[in-house]
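*Asks:* Next comes the structure file coords.cif, holding mmCIF, C-alpha atoms and all ligand atoms; chains and numbers go by the auth columns.
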data_upload
loop_
_atom_site.group_PDB
_atom_site.id
_atom_site.type_symbol
_atom_site.label_atom_id
_atom_site.label_comp_id
_atom_site.label_asym_id
_atom_site.label_seq_id
_atom_site.Cartn_x
_atom_site.Cartn_y
_atom_site.Cartn_z
_atom_site.B_iso_or_equiv
_atom_site.auth_seq_id
_atom_site.auth_asym_id
ATOM 1 C CA MET A 1 0.000 0.000 0.000 0.00 1 A
ATOM 2 C CA LYS A 2 1.169 3.508 -0.781 0.00 2 A
ATOM 3 C CA LEU A 3 -0.196 6.754 0.595 0.00 3 A
ATOM 4 C CA LYS A 4 0.204 10.275 -0.795 0.00 4 A
ATOM 5 C CA THR A 5 -0.769 13.317 1.220 0.00 5 A
ATOM 6 C CA LEU A 6 -1.646 16.592 -0.517 0.00 6 A
ATOM 7 C CA THR A 7 -2.438 19.677 1.516 0.00 7 A
ATOM 8 C CA LEU A 8 -4.843 21.790 -0.516 0.00 8 A
ATOM 9 C CA GLY A 9 -7.259 24.689 -0.530 0.00 9 A
ATOM 10 C CA PRO A 10 -8.022 27.810 1.469 0.00 10 A
ATOM 11 C CA VAL A 11 -7.834 26.107 4.900 0.00 11 A
ATOM 12 C CA GLN A 12 -4.986 23.656 4.177 0.00 12 A
ATOM 13 C CA THR A 13 -6.992 20.456 4.155 0.00 13 A
ATOM 14 C CA ASN A 14 -5.282 17.091 3.793 0.00 14 A
ATOM 15 C CA THR A 15 -6.310 15.029 0.784 0.00 15 A
ATOM 16 C CA TYR A 16 -5.114 11.424 0.815 0.00 16 A
ATOM 17 C CA ILE A 17 -4.567 9.207 -2.196 0.00 17 A
ATOM 18 C CA LEU A 18 -4.241 5.623 -1.146 0.00 18 A
ATOM 19 C CA ALA A 19 -3.256 2.841 -3.529 0.00 19 A
ATOM 20 C CA ASP A 20 -2.774 -0.889 -3.648 0.00 20 A
ATOM 21 C CA THR A 21 0.466 -0.897 -5.636 0.00 21 A
ATOM 22 C CA ASP A 22 -0.111 -4.507 -6.770 0.00 22 A
ATOM 23 C CA THR A 23 -3.332 -3.669 -8.606 0.00 23 A
ATOM 24 C CA ASN A 24 -2.754 0.116 -9.018 0.00 24 A
ATOM 25 C CA GLU A 25 -6.271 0.710 -7.714 0.00 25 A
ATOM 26 C CA ALA A 26 -6.593 3.856 -5.640 0.00 26 A
ATOM 27 C CA VAL A 27 -9.095 5.855 -3.616 0.00 27 A
ATOM 28 C CA VAL A 28 -9.143 9.522 -2.701 0.00 28 A
ATOM 29 C CA VAL A 29 -10.126 10.478 0.829 0.00 29 A
ATOM 30 C CA ASP A 30 -11.567 14.021 0.935 0.00 30 A
ATOM 31 C CA PRO A 31 -10.682 15.684 -2.422 0.00 31 A
ATOM 32 C CA ALA A 32 -10.318 19.051 -0.746 0.00 32 A
ATOM 33 C CA TRP A 33 -9.493 21.382 -3.627 0.00 33 A
ATOM 34 C CA ASP A 34 -7.608 21.444 -6.955 0.00 34 A
ATOM 35 C CA GLY A 35 -9.152 18.251 -8.316 0.00 35 A
ATOM 36 C CA ALA A 36 -7.041 18.346 -11.493 0.00 36 A
ATOM 37 C CA THR A 37 -3.881 18.248 -9.359 0.00 37 A
ATOM 38 C CA ILE A 38 -5.185 15.223 -7.439 0.00 38 A
ATOM 39 C CA ALA A 39 -5.972 13.446 -10.720 0.00 39 A
ATOM 40 C CA LYS A 40 -2.504 14.228 -12.078 0.00 40 A
ATOM 41 C CA VAL A 41 -0.698 12.902 -9.003 0.00 41 A
ATOM 42 C CA ALA A 42 -2.601 9.600 -9.331 0.00 42 A
ATOM 43 C CA LEU A 43 -2.026 9.450 -13.089 0.00 43 A
ATOM 44 C CA ASP A 44 1.712 10.050 -12.691 0.00 44 A
ATOM 45 C CA GLU A 45 1.843 7.056 -10.337 0.00 45 A
ATOM 46 C CA GLY A 46 -0.131 4.928 -12.797 0.00 46 A
ATOM 47 C CA TRP A 47 -3.044 4.613 -10.361 0.00 47 A
ATOM 48 C CA GLN A 48 -6.729 4.321 -11.256 0.00 48 A
ATOM 49 C CA ILE A 49 -9.054 6.153 -8.886 0.00 49 A
ATOM 50 C CA LYS A 50 -11.857 3.710 -8.117 0.00 50 A
ATOM 51 C CA ALA A 51 -13.733 5.619 -5.425 0.00 51 A
ATOM 52 C CA ILE A 52 -13.929 8.822 -3.408 0.00 52 A
ATOM 53 C CA TRP A 53 -14.480 8.500 0.338 0.00 53 A
ATOM 54 C CA LEU A 54 -15.714 11.528 2.260 0.00 54 A
ATOM 55 C CA THR A 55 -15.241 11.896 6.011 0.00 55 A
ATOM 56 C CA HIS A 56 -17.886 14.663 5.966 0.00 56 A
ATOM 57 C CA ALA A 57 -19.272 17.330 3.644 0.00 57 A
ATOM 58 C CA HIS A 58 -17.667 20.602 4.771 0.00 58 A
ATOM 59 C CA PHE A 59 -16.628 22.604 1.705 0.00 59 A
ATOM 60 C CA ASP A 60 -12.930 22.260 2.460 0.00 60 A
ATOM 61 C CA HIS A 61 -13.220 18.452 2.135 0.00 61 A
ATOM 62 C CA ILE A 62 -15.350 18.309 -1.034 0.00 62 A
ATOM 63 C CA GLY A 63 -14.144 21.350 -3.002 0.00 63 A
ATOM 64 C CA GLY A 64 -12.069 19.286 -5.444 0.00 64 A
ATOM 65 C CA ILE A 65 -14.574 16.546 -6.288 0.00 65 A
ATOM 66 C CA ALA A 66 -16.149 18.074 -9.422 0.00 66 A
ATOM 67 C CA GLU A 67 -12.787 18.922 -11.018 0.00 67 A
ATOM 68 C CA LEU A 68 -11.337 15.539 -10.008 0.00 68 A
ATOM 69 C CA VAL A 69 -14.123 13.454 -11.558 0.00 69 A
ATOM 70 C CA ALA A 70 -14.040 15.615 -14.703 0.00 70 A
ATOM 71 C CA ALA A 71 -10.374 14.651 -15.133 0.00 71 A
ATOM 72 C CA LEU A 72 -11.010 10.886 -14.804 0.00 72 A
ATOM 73 C CA PRO A 73 -11.936 8.471 -17.613 0.00 73 A
ATOM 74 C CA GLU A 74 -14.835 7.089 -15.516 0.00 74 A
ATOM 75 C CA ILE A 75 -16.773 8.750 -12.726 0.00 75 A
ATOM 76 C CA PRO A 76 -16.052 6.795 -9.542 0.00 76 A
ATOM 77 C CA PRO A 77 -18.625 6.368 -6.756 0.00 77 A
ATOM 78 C CA VAL A 78 -18.521 8.986 -3.997 0.00 78 A
ATOM 79 C CA TYR A 79 -19.330 7.706 -0.495 0.00 79 A
ATOM 80 C CA LEU A 80 -20.775 9.875 2.266 0.00 80 A
ATOM 81 C CA HIS A 81 -22.860 9.299 5.385 0.00 81 A
ATOM 82 C CA PRO A 82 -26.478 10.355 4.615 0.00 82 A
ATOM 83 C CA GLU A 83 -26.631 12.712 7.594 0.00 83 A
ATOM 84 C CA ASP A 84 -24.293 15.013 5.650 0.00 84 A
ATOM 85 C CA TYR A 85 -26.246 14.921 2.352 0.00 85 A
ATOM 86 C CA ASP A 86 -27.980 18.252 3.017 0.00 86 A
ATOM 87 C CA LEU A 87 -24.643 19.953 3.625 0.00 87 A
ATOM 88 C CA TRP A 88 -23.196 18.296 0.497 0.00 88 A
ATOM 89 C CA LYS A 89 -26.141 19.583 -1.569 0.00 89 A
ATOM 90 C CA ASP A 90 -25.562 23.051 -0.149 0.00 90 A
ATOM 91 C CA GLY A 91 -21.959 23.032 -1.431 0.00 91 A
ATOM 92 C CA GLY A 92 -20.485 22.195 1.941 0.00 92 A
ATOM 93 C CA GLY A 93 -21.603 25.431 3.589 0.00 93 A
ATOM 94 C CA ALA A 94 -19.078 27.328 1.463 0.00 94 A
ATOM 95 C CA LYS A 95 -21.289 30.385 1.052 0.00 95 A
ATOM 96 C CA ARG A 96 -20.914 31.456 4.677 0.00 96 A
ATOM 97 C CA PHE A 97 -17.154 31.595 4.049 0.00 97 A
ATOM 98 C CA GLY A 98 -17.539 33.468 0.756 0.00 98 A
ATOM 99 C CA PHE A 99 -16.945 30.547 -1.610 0.00 99 A
ATOM 100 C CA SER A 100 -19.109 28.665 -4.060 0.00 100 A
ATOM 101 C CA ILE A 101 -18.585 24.928 -4.615 0.00 101 A
ATOM 102 C CA ASP A 102 -19.802 22.430 -7.197 0.00 102 A
ATOM 103 C CA PRO A 103 -20.203 19.356 -4.956 0.00 103 A
ATOM 104 C CA GLY A 104 -19.932 16.884 -7.854 0.00 104 A
ATOM 105 C CA PRO A 105 -21.855 13.641 -8.429 0.00 105 A
ATOM 106 C CA GLU A 106 -24.578 12.416 -6.056 0.00 106 A
ATOM 107 C CA PRO A 107 -23.011 10.423 -3.210 0.00 107 A
ATOM 108 C CA GLU A 108 -23.784 6.851 -2.199 0.00 108 A
ATOM 109 C CA ALA A 109 -24.783 6.127 1.398 0.00 109 A
ATOM 110 C CA LEU A 110 -22.164 5.082 3.921 0.00 110 A
ATOM 111 C CA SER A 111 -23.203 3.274 7.080 0.00 111 A
ATOM 112 C CA HIS A 112 -21.503 2.412 10.363 0.00 112 A
ATOM 113 C CA ARG A 113 -19.248 -0.664 10.016 0.00 113 A
ATOM 114 C CA GLN A 114 -19.570 -0.701 6.214 0.00 114 A
ATOM 115 C CA ILE A 115 -16.497 -2.248 4.598 0.00 115 A
ATOM 116 C CA LEU A 116 -14.840 -0.307 1.775 0.00 116 A
ATOM 117 C CA GLU A 117 -12.083 -1.722 -0.378 0.00 117 A
ATOM 118 C CA VAL A 118 -9.069 -0.415 -2.225 0.00 118 A
ATOM 119 C CA GLY A 119 -7.427 -3.252 -4.126 0.00 119 A
ATOM 120 C CA ARG A 120 -7.008 -6.056 -1.590 0.00 120 A
ATOM 121 C CA PHE A 121 -7.161 -3.745 1.450 0.00 121 A
ATOM 122 C CA LYS A 122 -10.303 -3.457 3.522 0.00 122 A
ATOM 123 C CA PHE A 123 -11.358 -0.415 5.531 0.00 123 A
ATOM 124 C CA GLU A 124 -14.082 -0.312 8.127 0.00 124 A
ATOM 125 C CA THR A 125 -16.288 2.782 8.163 0.00 125 A
ATOM 126 C CA ARG A 126 -17.091 4.119 11.602 0.00 126 A
ATOM 127 C CA HIS A 127 -19.838 6.704 12.036 0.00 127 A
ATOM 128 C CA THR A 128 -18.322 9.388 14.279 0.00 128 A
ATOM 129 C CA PRO A 129 -20.694 12.357 14.741 0.00 129 A
ATOM 130 C CA GLY A 130 -19.751 15.431 16.774 0.00 130 A
ATOM 131 C CA HIS A 131 -17.977 17.733 14.301 0.00 131 A
ATOM 132 C CA ARG A 132 -20.714 16.923 11.785 0.00 132 A
ATOM 133 C CA PRO A 133 -23.713 14.567 12.175 0.00 133 A
ATOM 134 C CA GLY A 134 -22.628 12.652 9.046 0.00 134 A
ATOM 135 C CA HIS A 135 -18.934 12.337 9.931 0.00 135 A
ATOM 136 C CA SER A 136 -17.189 9.000 9.314 0.00 136 A
ATOM 137 C CA VAL A 137 -13.677 7.660 9.820 0.00 137 A
ATOM 138 C CA PHE A 138 -12.056 4.871 7.793 0.00 138 A
ATOM 139 C CA TYR A 139 -9.950 2.265 9.564 0.00 139 A
ATOM 140 C CA CYS A 140 -7.756 -0.493 8.098 0.00 140 A
ATOM 141 C CA THR A 141 -6.915 -3.203 10.659 0.00 141 A
ATOM 142 C CA GLU A 142 -4.229 -4.780 8.492 0.00 142 A
ATOM 143 C CA GLU A 143 -2.300 -1.581 7.728 0.00 143 A
ATOM 144 C CA LYS A 144 -3.030 -0.022 11.147 0.00 144 A
ATOM 145 C CA ILE A 145 -4.094 3.307 9.717 0.00 145 A
ATOM 146 C CA ALA A 146 -7.172 5.466 10.173 0.00 146 A
ATOM 147 C CA PHE A 147 -8.383 8.497 8.246 0.00 147 A
ATOM 148 C CA THR A 148 -10.111 10.635 10.833 0.00 148 A
ATOM 149 C CA GLY A 149 -11.208 13.779 8.977 0.00 149 A
ATOM 150 C CA ASP A 150 -12.081 16.580 11.388 0.00 150 A
ATOM 151 C CA LEU A 151 -12.858 14.318 14.366 0.00 151 A
ATOM 152 C CA ILE A 152 -9.399 14.308 15.931 0.00 152 A
ATOM 153 C CA PHE A 153 -6.104 15.990 15.044 0.00 153 A
ATOM 154 C CA TYR A 154 -2.559 15.927 16.398 0.00 154 A
ATOM 155 C CA ARG A 155 -3.113 17.210 19.974 0.00 155 A
ATOM 156 C CA SER A 156 -6.453 18.714 19.020 0.00 156 A
ATOM 157 C CA VAL A 157 -10.022 17.880 18.036 0.00 157 A
ATOM 158 C CA GLY A 158 -12.586 19.090 15.517 0.00 158 A
ATOM 159 C CA ARG A 159 -14.575 22.228 16.228 0.00 159 A
ATOM 160 C CA THR A 160 -18.146 21.812 17.401 0.00 160 A
ATOM 161 C CA ASP A 161 -19.363 25.409 17.017 0.00 161 A
ATOM 162 C CA LEU A 162 -20.477 25.046 13.379 0.00 162 A
ATOM 163 C CA PRO A 163 -24.004 23.876 12.425 0.00 163 A
ATOM 164 C CA GLY A 164 -24.535 20.232 13.426 0.00 164 A
ATOM 165 C CA GLY A 165 -21.617 20.241 15.867 0.00 165 A
ATOM 166 C CA ASN A 166 -21.974 18.825 19.377 0.00 166 A
ATOM 167 C CA TRP A 167 -19.204 18.600 21.960 0.00 167 A
ATOM 168 C CA ALA A 168 -20.611 15.678 24.010 0.00 168 A
ATOM 169 C CA THR A 169 -21.152 13.670 20.828 0.00 169 A
ATOM 170 C CA LEU A 170 -17.624 14.442 19.614 0.00 170 A
ATOM 171 C CA GLU A 171 -16.099 13.264 22.918 0.00 171 A
ATOM 172 C CA LYS A 172 -18.165 10.069 22.783 0.00 172 A
ATOM 173 C CA SER A 173 -17.108 9.370 19.176 0.00 173 A
ATOM 174 C CA ILE A 174 -13.419 9.840 20.021 0.00 174 A
ATOM 175 C CA ARG A 175 -13.574 7.685 23.149 0.00 175 A
ATOM 176 C CA GLU A 176 -15.617 4.895 21.614 0.00 176 A
ATOM 177 C CA GLN A 177 -14.367 4.807 18.019 0.00 177 A
ATOM 178 C CA ILE A 178 -10.743 6.071 18.213 0.00 178 A
ATOM 179 C CA TYR A 179 -9.365 5.433 21.706 0.00 179 A
ATOM 180 C CA THR A 180 -10.563 1.813 21.522 0.00 180 A
ATOM 181 C CA LEU A 181 -8.236 1.159 18.548 0.00 181 A
ATOM 182 C CA PRO A 182 -4.733 -0.282 19.122 0.00 182 A
ATOM 183 C CA ASP A 183 -2.155 2.312 20.267 0.00 183 A
ATOM 184 C CA ASP A 184 0.025 1.830 17.185 0.00 184 A
ATOM 185 C CA VAL A 185 -2.703 2.753 14.706 0.00 185 A
ATOM 186 C CA LYS A 186 -1.558 5.814 12.737 0.00 186 A
ATOM 187 C CA ILE A 187 -4.025 8.664 12.478 0.00 187 A
ATOM 188 C CA PHE A 188 -4.212 10.721 9.287 0.00 188 A
ATOM 189 C CA SER A 189 -6.373 13.762 9.956 0.00 189 A
ATOM 190 C CA GLY A 190 -8.132 16.330 7.828 0.00 190 A
ATOM 191 C CA HIS A 191 -5.701 19.042 8.929 0.00 191 A
ATOM 192 C CA GLY A 192 -2.158 19.087 10.289 0.00 192 A
ATOM 193 C CA ASP A 193 0.327 16.337 11.040 0.00 193 A
ATOM 194 C CA ALA A 194 -0.245 12.618 11.360 0.00 194 A
ATOM 195 C CA THR A 195 -0.317 11.132 14.856 0.00 195 A
ATOM 196 C CA SER A 196 -1.224 7.826 16.483 0.00 196 A
ATOM 197 C CA VAL A 197 -3.954 6.498 18.750 0.00 197 A
ATOM 198 C CA GLY A 198 -1.472 5.925 21.602 0.00 198 A
ATOM 199 C CA ASP A 199 -0.031 9.452 21.306 0.00 199 A
ATOM 200 C CA GLU A 200 -3.451 11.058 21.483 0.00 200 A
ATOM 201 C CA ARG A 201 -4.714 8.835 24.294 0.00 201 A
ATOM 202 C CA ILE A 202 -1.862 10.283 26.377 0.00 202 A
ATOM 203 C CA GLY A 203 -1.225 13.709 24.841 0.00 203 A
ATOM 204 C CA ASN A 204 -4.619 15.002 23.725 0.00 204 A
ATOM 205 C CA HIS A 205 -5.804 17.420 26.393 0.00 205 A
ATOM 206 C CA PHE A 206 -9.140 18.167 24.746 0.00 206 A
ATOM 207 C CA VAL A 207 -10.473 14.625 25.046 0.00 207 A
ATOM 208 C CA LYS A 208 -8.840 12.422 27.672 0.00 208 A
ATOM 209 C CA ALA A 209 -8.834 8.660 27.316 0.00 209 A
ATOM 210 C CA SER A 210 -11.253 8.268 30.231 0.00 210 A
ATOM 211 C CA ALA A 211 -13.985 10.632 31.377 0.00 211 A
HETATM 212 ZN ZN ZN B . -15.035 19.988 8.869 0.00 301 B
HETATM 213 ZN ZN ZN B . -11.790 20.534 7.617 0.00 302 B
#
Render the structure in this file as structure tokens.
*Replies:*
Amino acid sequence: MKLKTLTLGPVQTNTYILADTDTNEAVVVDPAWDGATIAKVALDEGWQIKAIWLTHAHFDHIGGIAELVAALPEIPPVYLHPEDYDLWKDGGGAKRFGFSIDPGPEPEALSHRQILEVGRFKFETRHTPGHRPGHSVFYCTEEKIAFTGDLIFYRSVGRTDLPGGNWATLEKSIREQIYTLPDDVKIFSGHGDATSVGDERIGNHFVKASA
């Protein structure tokens, strides 16, 4: 498996391109911005983008979808938890920040514990509301990696003051869906540096490992 991280857009959002290098099948987690750039990075590696996985529908995580799919030979399925469909339809809430977004093709519904695949690798979807009602994380047991969107960051957590945010729900999602993972699972967040479950269980002062 190979992972490429691109930091894109007006609020420096991490876009991840993840590939099974045996089959050259790839997925994009949160095409944040500059979709043509994302497509080119995959093309240069010889990867075929088979799906787009969205952690949630804020504009800074979906802003590159339309341009990305336009640059691909076939439109891949886009997966999103249905509780974020309204926000997706609204262009990710971009208007309140002075942007306008084409949110791209209609998403398919993600559910808690749904298994997604990239090549031979399997990821478990975990519904993790708190930052957004339709927020999901994607966890691969075999590779010990998790894509956590805006749920948890290196020494920080997602904001809960935007529409649909809820602090108690965010804490519960982190404790039940992240801190229960093995300590050596690497966390790739929507913003900032990568971290690990063990590091955050000890070093994250916003949500402690136990209440
Ligand atoms: Zn967000
Ligand atoms: Zn974000």
*Asks:* Can you find the residues with an atom no farther than 9 Å from (-6.8, 18.2, 16.5), counting all atoms listed in the file, and report them as a ChimeraX atom specification?
*Replies:* /A:150-159,189-192,204,206
*Asks:* I would like the residues chosen by the PyMOL selection byres (((not hetatm)) within 7 of (chain B and resi 301)) on the shown file; could you give them as a compact mmCIF listing (two decimals) with C-alpha atoms, in the frame of the given file?
*Replies:*
# COMPACT_ATOMS: atom_id res chain seq x y z
CA HIS A 56 -17.89 14.66 5.97
CA HIS A 58 -17.67 20.60 4.77
CA HIS A 131 -17.98 17.73 14.30
CA ASP A 150 -12.08 16.58 11.39
*Asks:* Give as JSON, numbers by chain every residue, naming chains and numbers as the document does, that has an atom within 10 Å of (-22.0, 11.0, 5.9), counting all atoms listed in the file.
*Replies:* {"A": [53, 54, 55, 56, 57, 79, 80, 81, 82, 83, 84, 85, 86, 87, 88, 107, 108, 109, 110, 111, 112, 127, 128, 129, 132, 133, 134, 135, 136, 137]}
*Asks:* Point out the residue among A:Gly35, A:Gly149, A:Gly104, A:Gly46 with the least atom-to-atom distance to ligand ZN 302 (chain B), counting all atoms listed in the file.
*Replies:*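 Answer, going by the shortest atom-to-atom distance: A:Gly149.
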*Asks:* Pick the closest to ligand ZN 302 (chain B) from A:Ser100, A:Asp22, A:Thr148, A:Leu43: which is it, counting only C-alpha atoms and all ligand atoms?
*Replies:*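 The answer is A:Thr148, which sits nearest to ligand ZN 302 (chain B).
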*Asks:* Which is closer to A:Glu67 than all the others in A:Trp47, A:Tyr139, A:Trp33, A:Tyr16, using all atoms listed in the file?
*Replies:*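 That would be A:Trp33, the residue with the smallest distance to A:Glu67.
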*Asks:* Which one is closest to A:Val69: A:Asp44, A:Glu124, A:Asp102, A:Asp90? Count all atoms listed in the file.
*Replies:*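 Answer, going by the shortest atom-to-atom distance: A:Asp102.
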*Asks:* Name the closest residue to ligand ZN 302 (chain B) among the candidates A:Ala36, A:Leu3, A:Leu116, A:Leu162; distances are taken between atoms, counting only C-alpha atoms and all ligand atoms.
*Replies:* A:Leu162
*Asks:* Selection in question (the file shown): the PyMOL selection byres (((chain A and resi 27) around 12) and not hetatm). Which residues does it include, as number ranges by chain?
*Replies:* A: 1-4, 15-21, 24-26, 28-31, 38-39, 42, 47-54, 68, 76-79, 116-119, 121-123, 138
*Asks:* When distances are computed from all atoms listed in the file, which of A:Glu171, A:Asp60, A:Asp199, A:Glu176 shows the smallest separation from A:Ala94?
*Replies:*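 Of A:Glu171, A:Asp60, A:Asp199, A:Glu176, the one nearest A:Ala94, counting all atoms listed in the file, is A:Asp60.
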*Asks:* Skip A:Gly63 itself and residues of its chain fewer than 2 positions away, then list as a list in words all residues within 6 Å of it, counting only C-alpha atoms.
*Replies:*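 Close residues of A:Gly63: Ala32, Trp33, Phe59, Asp60, His61, Ile65 and Ile101 of chain A.
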*Asks:* Give me, please, the distance in Å between atom CA of A:Lys89 and atom CA of A:Ala66, quoted to one decimal.
*Replies:*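 Calculated distance between atom CA of A:Lys89 and atom CA of A:Ala66 is 12.8 Å.
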*Asks:* Would you compute the distance between atom CA of A:Arg126 and atom CA of A:Ser173? Give it in Å to one decimal.
*Replies:*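 Between these atoms lies a distance of 9.2 Å.
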*Asks:* So that all listed atoms of stretch 136-149 of chain A fit with 3 Å spare on each side, what axis-aligned box centre and edge lengths in Å, to one decimal, would you give as lines of an AutoDock Vina configuration file?
*Replies:*
center_x = -9.7
center_y = 4.5
center_z = 9.4
size_x = 20.9
size_y = 24.6
size_z = 9.4
*Asks:* Using only C-alpha atoms, which protein or nucleic acid residues come within 9 Å of A:Val197? Drop anything in the same chain fewer than 4 positions from it, and give the result as JSON, numbers by chain.
*Replies:* {"A": [178, 179, 180, 181, 182, 183, 184, 185, 186, 187, 201, 202]}
